[in-house]
>>> print(open('protein-v4.cif').read())   # mmCIF, C-alpha atoms
data_final
loop_
_atom_site.group_PDB
_atom_site.id
_atom_site.type_symbol
_atom_site.label_atom_id
_atom_site.label_comp_id
_atom_site.auth_asym_id
_atom_site.auth_seq_id
_atom_site.Cartn_x
_atom_site.Cartn_y
_atom_site.Cartn_z
ATOM 1 C CA MET A 1 40.852 18.163 31.977
ATOM 2 C CA ALA A 2 37.504 18.398 30.142
ATOM 3 C CA ALA A 3 34.645 16.088 31.113
ATOM 4 C CA ARG A 4 34.075 13.316 28.620
ATOM 5 C CA LEU A 5 30.546 12.537 27.367
ATOM 6 C CA PRO A 6 29.428 8.943 27.773
ATOM 7 C CA SER A 7 29.036 6.926 24.533
ATOM 8 C CA TRP A 8 25.252 6.648 24.961
ATOM 9 C CA ALA A 9 25.016 10.455 24.775
ATOM 10 C CA TRP A 10 26.910 10.490 21.456
ATOM 11 C CA VAL A 11 24.782 7.685 20.025
ATOM 12 C CA SER A 12 21.575 9.381 21.166
ATOM 13 C CA GLY A 13 22.636 12.691 19.641
ATOM 14 C CA LEU A 14 23.608 11.123 16.321
ATOM 15 C CA THR A 15 20.360 9.096 16.213
ATOM 16 C CA ALA A 16 18.251 12.199 16.914
ATOM 17 C CA GLY A 17 20.100 14.137 14.216
ATOM 18 C CA ALA A 18 19.706 11.355 11.651
ATOM 19 C CA THR A 19 16.001 11.020 12.490
ATOM 20 C CA ALA A 20 15.487 14.779 12.003
ATOM 21 C CA VAL A 21 17.175 14.629 8.581
ATOM 22 C CA VAL A 22 15.042 11.637 7.497
ATOM 23 C CA VAL A 23 11.832 13.354 8.650
ATOM 24 C CA ALA A 24 12.789 16.583 6.836
ATOM 25 C CA LEU A 25 13.497 14.672 3.624
ATOM 26 C CA ALA A 26 10.230 12.718 3.927
ATOM 27 C CA VAL A 27 8.213 15.930 4.359
ATOM 28 C CA GLN A 28 9.995 17.502 1.398
ATOM 29 C CA ALA A 29 9.376 14.405 -0.739
ATOM 30 C CA SER A 30 5.673 14.285 0.170
ATOM 31 C CA HIS A 31 5.196 17.741 -1.370
ATOM 32 C CA GLY A 32 6.928 16.856 -4.642
ATOM 33 C CA PRO A 33 5.540 15.226 -7.781
ATOM 34 C CA THR A 34 4.604 11.564 -7.605
ATOM 35 C CA PRO A 35 6.530 9.482 -10.123
ATOM 36 C CA THR A 36 4.641 7.090 -12.334
ATOM 37 C CA ALA A 37 6.001 3.915 -13.855
ATOM 38 C CA ALA A 38 6.236 3.679 -17.627
ATOM 39 C CA THR A 39 4.217 0.846 -19.096
ATOM 40 C CA ALA A 40 5.845 0.639 -22.511
ATOM 41 C CA LYS A 41 6.376 -2.883 -23.842
ATOM 42 C CA PRO A 42 9.273 -3.829 -26.116
ATOM 43 C CA SER A 43 8.319 -4.224 -29.740
ATOM 44 C CA PRO A 44 8.211 -7.743 -31.189
ATOM 45 C CA SER A 45 11.009 -6.804 -33.626
ATOM 46 C CA ALA A 46 13.454 -5.960 -30.832
ATOM 47 C CA SER A 47 16.107 -8.547 -30.179
ATOM 48 C CA ALA A 48 18.879 -8.998 -27.644
ATOM 49 C CA GLY A 49 21.542 -8.245 -30.276
ATOM 50 C CA THR A 50 19.932 -5.033 -31.534
ATOM 51 C CA HIS A 51 21.164 -1.737 -30.170
ATOM 52 C CA ALA A 52 18.296 0.412 -31.418
ATOM 53 C CA SER A 53 17.635 3.477 -29.309
ATOM 54 C CA ALA A 54 13.886 3.264 -28.929
ATOM 55 C CA SER A 55 12.391 5.749 -26.506
ATOM 56 C CA PRO A 56 9.331 4.421 -24.705
ATOM 57 C CA LYS A 57 6.041 5.823 -25.952
ATOM 58 C CA PRO A 58 3.855 7.304 -23.250
ATOM 59 C CA SER A 59 0.983 4.967 -22.533
ATOM 60 C CA ALA A 60 -2.445 6.133 -23.562
ATOM 61 C CA PRO A 61 -4.879 6.763 -20.722
ATOM 62 C CA PRO A 62 -7.480 4.084 -20.173
ATOM 63 C CA ALA A 63 -10.427 4.209 -22.531
ATOM 64 C CA LEU A 64 -13.783 5.487 -21.386
ATOM 65 C CA PRO A 65 -15.628 2.538 -19.792
ATOM 66 C CA ASP A 66 -18.331 0.861 -21.873
ATOM 67 C CA GLY A 67 -21.875 1.472 -20.663
ATOM 68 C CA SER A 68 -21.018 4.816 -19.071
ATOM 69 C CA GLY A 69 -23.833 6.639 -20.798
ATOM 70 C CA THR A 70 -23.987 9.175 -23.586
ATOM 71 C CA GLY A 71 -23.588 12.920 -23.964
ATOM 72 C CA ARG A 72 -21.904 15.438 -21.706
ATOM 73 C CA ARG A 73 -20.997 13.825 -18.370
ATOM 74 C CA ILE A 74 -18.455 12.994 -15.681
ATOM 75 C CA VAL A 75 -17.587 9.287 -15.418
ATOM 76 C CA TYR A 76 -16.072 7.900 -12.209
ATOM 77 C CA SER A 77 -14.648 4.357 -12.096
ATOM 78 C CA LEU A 78 -14.502 2.815 -8.633
ATOM 79 C CA ARG A 79 -12.047 0.094 -9.663
ATOM 80 C CA GLU A 80 -9.676 2.311 -11.632
ATOM 81 C CA GLN A 81 -9.985 5.277 -9.236
ATOM 82 C CA ARG A 82 -10.229 7.476 -12.315
ATOM 83 C CA VAL A 83 -12.477 10.224 -13.672
ATOM 84 C CA TRP A 84 -13.232 10.994 -17.326
ATOM 85 C CA VAL A 85 -14.643 14.351 -18.403
ATOM 86 C CA VAL A 86 -16.780 13.731 -21.497
ATOM 87 C CA ASP A 87 -18.019 16.470 -23.828
ATOM 88 C CA ALA A 88 -21.406 16.596 -25.581
ATOM 89 C CA THR A 89 -20.075 14.616 -28.566
ATOM 90 C CA GLY A 90 -19.032 11.730 -26.300
ATOM 91 C CA LYS A 91 -15.319 12.502 -26.595
ATOM 92 C CA THR A 92 -13.093 12.430 -23.479
ATOM 93 C CA SER A 93 -11.627 15.890 -22.963
ATOM 94 C CA ARG A 94 -9.703 15.002 -19.788
ATOM 95 C CA THR A 95 -9.036 11.966 -17.600
ATOM 96 C CA PHE A 96 -7.157 11.664 -14.325
ATOM 97 C CA THR A 97 -6.750 9.457 -11.259
ATOM 98 C CA VAL A 98 -8.288 10.325 -7.898
ATOM 99 C CA TRP A 99 -8.002 9.413 -4.219
ATOM 100 C CA PRO A 100 -11.356 7.874 -3.197
ATOM 101 C CA GLY A 101 -12.871 8.277 0.234
ATOM 102 C CA THR A 102 -13.634 5.343 2.512
ATOM 103 C CA VAL A 103 -17.318 5.360 1.514
ATOM 104 C CA SER A 104 -18.029 4.769 -2.173
ATOM 105 C CA PRO A 105 -21.169 5.575 -4.148
ATOM 106 C CA GLN A 106 -23.117 2.736 -5.746
ATOM 107 C CA PRO A 107 -22.655 2.344 -9.495
ATOM 108 C CA GLY A 108 -25.373 4.328 -11.236
ATOM 109 C CA ARG A 109 -26.350 7.639 -12.751
ATOM 110 C CA TYR A 110 -26.416 10.836 -10.719
ATOM 111 C CA SER A 111 -26.082 14.564 -11.260
ATOM 112 C CA ILE A 112 -24.291 17.408 -9.497
ATOM 113 C CA ILE A 113 -26.757 18.536 -6.809
ATOM 114 C CA ASN A 114 -24.694 21.125 -4.929
ATOM 115 C CA ARG A 115 -21.479 23.080 -5.449
ATOM 116 C CA THR A 116 -19.382 24.828 -2.811
ATOM 117 C CA GLN A 117 -16.366 26.970 -3.754
ATOM 118 C CA SER A 118 -14.410 26.181 -0.547
ATOM 119 C CA ILE A 119 -14.990 24.655 2.863
ATOM 120 C CA GLN A 120 -13.212 22.660 5.538
ATOM 121 C CA GLY A 121 -13.429 18.955 4.706
ATOM 122 C CA SER A 122 -14.492 16.317 7.222
ATOM 123 C CA ASP A 123 -10.795 15.405 7.517
ATOM 124 C CA GLY A 124 -9.975 18.947 8.703
ATOM 125 C CA VAL A 125 -8.290 19.923 5.416
ATOM 126 C CA GLN A 126 -9.322 23.102 3.586
ATOM 127 C CA ILE A 127 -10.844 21.967 0.285
ATOM 128 C CA GLU A 128 -12.197 23.733 -2.789
ATOM 129 C CA HIS A 129 -14.203 22.974 -5.931
ATOM 130 C CA VAL A 130 -16.589 20.737 -3.973
ATOM 131 C CA MET A 131 -19.256 19.130 -6.155
ATOM 132 C CA TYR A 132 -21.761 16.870 -4.362
ATOM 133 C CA PHE A 133 -23.634 14.231 -6.343
ATOM 134 C CA THR A 134 -25.058 11.648 -3.885
ATOM 135 C CA LYS A 135 -25.086 10.182 -0.375
ATOM 136 C CA ALA A 136 -23.995 6.693 0.688
ATOM 137 C CA SER A 137 -24.157 5.227 4.196
ATOM 138 C CA GLY A 138 -25.225 8.645 5.490
ATOM 139 C CA VAL A 139 -22.119 10.323 4.042
ATOM 140 C CA ASN A 140 -22.117 13.000 1.327
ATOM 141 C CA ILE A 141 -20.169 11.944 -1.747
ATOM 142 C CA ALA A 142 -18.384 14.759 -3.585
ATOM 143 C CA PHE A 143 -15.442 15.579 -5.814
ATOM 144 C CA SER A 144 -12.999 18.113 -4.333
ATOM 145 C CA ASN A 145 -9.358 19.082 -4.115
ATOM 146 C CA ALA A 146 -7.264 20.261 -1.182
ATOM 147 C CA LEU A 147 -6.541 23.986 -1.280
ATOM 148 C CA ASP A 148 -2.806 23.247 -0.965
ATOM 149 C CA GLY A 149 -2.992 20.461 -3.581
ATOM 150 C CA ALA A 150 -2.003 17.702 -1.139
ATOM 151 C CA SER A 151 -3.369 14.165 -1.152
ATOM 152 C CA PRO A 152 -5.746 13.301 1.692
ATOM 153 C CA PRO A 153 -4.380 11.953 4.952
ATOM 154 C CA PRO A 154 -5.317 8.407 6.044
ATOM 155 C CA ALA A 155 -8.921 8.201 7.245
ATOM 156 C CA ASN A 156 -8.065 6.225 10.408
ATOM 157 C CA GLY A 157 -11.284 4.223 10.254
ATOM 158 C CA GLN A 158 -13.535 7.258 9.743
ATOM 159 C CA LYS A 159 -16.237 7.458 7.074
ATOM 160 C CA ARG A 160 -15.147 9.847 4.336
ATOM 161 C CA GLY A 161 -17.077 10.455 1.113
ATOM 162 C CA GLY A 162 -14.713 12.917 -0.525
ATOM 163 C CA ILE A 163 -13.216 11.886 -3.852
ATOM 164 C CA ARG A 164 -10.059 13.981 -3.743
ATOM 165 C CA LEU A 165 -8.496 15.337 -6.943
ATOM 166 C CA ARG A 166 -5.210 17.040 -7.716
ATOM 167 C CA LYS A 167 -5.532 20.825 -7.709
ATOM 168 C CA GLU A 168 -5.411 21.294 -11.503
ATOM 169 C CA ASP A 169 -7.902 18.450 -12.028
ATOM 170 C CA GLY A 170 -10.219 19.945 -9.394
ATOM 171 C CA ALA A 171 -10.187 23.309 -11.178
ATOM 172 C CA ALA A 172 -10.903 21.653 -14.551
ATOM 173 C CA LEU A 173 -13.776 19.568 -13.159
ATOM 174 C CA TRP A 174 -15.223 22.641 -11.393
ATOM 175 C CA SER A 175 -15.251 24.520 -14.714
ATOM 176 C CA PHE A 176 -16.996 21.598 -16.419
ATOM 177 C CA GLY A 177 -19.494 20.455 -13.766
ATOM 178 C CA ASP A 178 -22.365 22.867 -13.314
ATOM 179 C CA LEU A 179 -25.449 22.022 -11.251
ATOM 180 C CA GLY A 180 -27.280 19.208 -13.005
ATOM 181 C CA THR A 181 -24.212 17.873 -14.870
ATOM 182 C CA LYS A 182 -24.552 14.098 -15.242
ATOM 183 C CA VAL A 183 -22.247 11.862 -13.191
ATOM 184 C CA THR A 184 -21.984 8.166 -14.037
ATOM 185 C CA VAL A 185 -20.363 5.831 -11.497
ATOM 186 C CA VAL A 186 -19.112 2.502 -12.845
ATOM 187 C CA THR A 187 -17.352 -0.368 -11.110
#
>>> encode(input="protein-v4.cif", output="structure tokens")
Amino acid sequence: MAARLPSWAWVSGLTAGATAVVVALAVQASHGPTPTAATAKPSPSASAGTHASASPKPSAPPALPDGSGTGRRIVYSLREQRVWVVDATGKTSRTFTVWPGTVSPQPGRYSIINRTQSIQGSDGVQIEHVMYFTKASGVNIAFSNALDGASPPPANGQKRGGIRLRKEDGAALWSFGDLGTKVTVVT
């Protein structure tokens, strides 16, 4: 007669297996695209009895903040956690959201003072397209993106001045922001 496993052994084995599956799915999901919610509003002419097949229009990106300067520049909004790339005519050529560090620059006008192609970030992540533009609370403030395109890990109470971008946004900003390029920080 074969020895029978106690019920706690079965439960423990099933729990460990389920946990491994959940962790694997979470890791896989963290490397995928991040969904965004549509912000389309129904039109005033729509009614409950109408069966019109209206597809939601993609929402326009937020407008360039007022008072952000003139001419060719990078505009960073602290509140919106967003960057605008503005050409010499004052037209936005690109805008995107960012992951701010734990230390923020003061609103004001700056310029790119140093550029580094790639380096290890203060969070231990390999980063590229690093463009420094100021210091705050003794911490360098810079735009950058992770080499693998991942979002930054939690700071765990540490001072971090990196404004992390998605990989494609980091490459675009790097192409635009030479030494001396104006950076405007708004609230």
>>> resolve_selection(input="protein-v4.cif", expression="the PyMOL selection byres ((chain A and resi 96-99) around 10)", output="NGL selection string")
:A and (61-62 or 76-78 or 80-85 or 94-95 or 100-102 or 143-145 or 151-152 or 162-166 or 169-170)
>>> residues_around(input="protein-v4.cif", residues="Gln158 of chain A", least_positions_apart="3", cutoff="10 Å", atoms="all atoms listed in the file", output="PDB file with C-alpha atoms, keeping the file's coordinate frame")
ATOM      1  CA  GLY A 101     -12.871   8.277   0.234  1.00  0.00           C
ATOM      2  CA  THR A 102     -13.634   5.343   2.512  1.00  0.00           C
ATOM      3  CA  VAL A 103     -17.318   5.360   1.514  1.00  0.00           C
ATOM      4  CA  SER A 122     -14.492  16.317   7.222  1.00  0.00           C
ATOM      5  CA  ASP A 123     -10.795  15.405   7.517  1.00  0.00           C
ATOM      6  CA  PRO A 154      -5.317   8.407   6.044  1.00  0.00           C
ATOM      7  CA  ALA A 155      -8.921   8.201   7.245  1.00  0.00           C
ATOM      8  CA  GLY A 161     -17.077  10.455   1.113  1.00  0.00           C
TER       9      GLY A 161
END
>>> residues_around(input="protein-v4.cif", residues="Tyr110 of chain A", least_positions_apart="3", cutoff="9 Å", atoms="all atoms listed in the file", output="list of chain:residue names")
A:Ile113, A:Phe133, A:Thr134, A:Gly180, A:Thr181, A:Lys182, A:Val183, A:Thr184, A:Val185
>>> atom_distance(input="protein-v4.cif", atom1="atom CA of Val139 of chain A", atom2="atom CA of Ile74 of chain A")
20.2 Å
>>> closest_residue(input="protein-v4.cif", among="A:Ser175, A:Ser59, A:Thr187, A:Ser93", to="Gln117 of chain A", atoms="all atoms listed in the file")
A:Ser175
>>> resolve_selection(input="protein-v4.cif", expression="the PyMOL selection byres ((chain A and resi 89) around 10)", output="list in words")
Thr70, Gly71, Arg72, Val86, Asp87, Ala88, Gly90, Lys91 and Thr92 of chain A
>>> atom_distance(input="protein-v4.cif", atom1="atom CA of Leu173 of chain A", atom2="atom CA of Gly138 of chain A")
24.5 Å
>>> residues_near_point(input="protein-v4.cif", point="(-22.0, 3.8, -3.2)", cutoff="8 Å", atoms="only C-alpha atoms", output="ChimeraX atom specification")
/A:103-107,135-137
>>> closest_residue(input="protein-v4.cif", among="A:Ala60, A:Ile127, A:Ser111, A:Ala172", to="Val75 of chain A", atoms="only C-alpha atoms")
A:Ser111
>>> closest_residue(input="protein-v4.cif", among="A:Arg115, A:Leu147, A:Gly157, A:Asn140", to="Phe176 of chain A", atoms="all atoms listed in the file")
A:Arg115
>>> residues_around(input="protein-v4.cif", residues="Pro65 of chain A", least_positions_apart="2", cutoff="8 Å", atoms="all atoms listed in the file", output="list of chain:residue names")
A:Ala63, A:Gly67, A:Ser68, A:Ser77, A:Val186
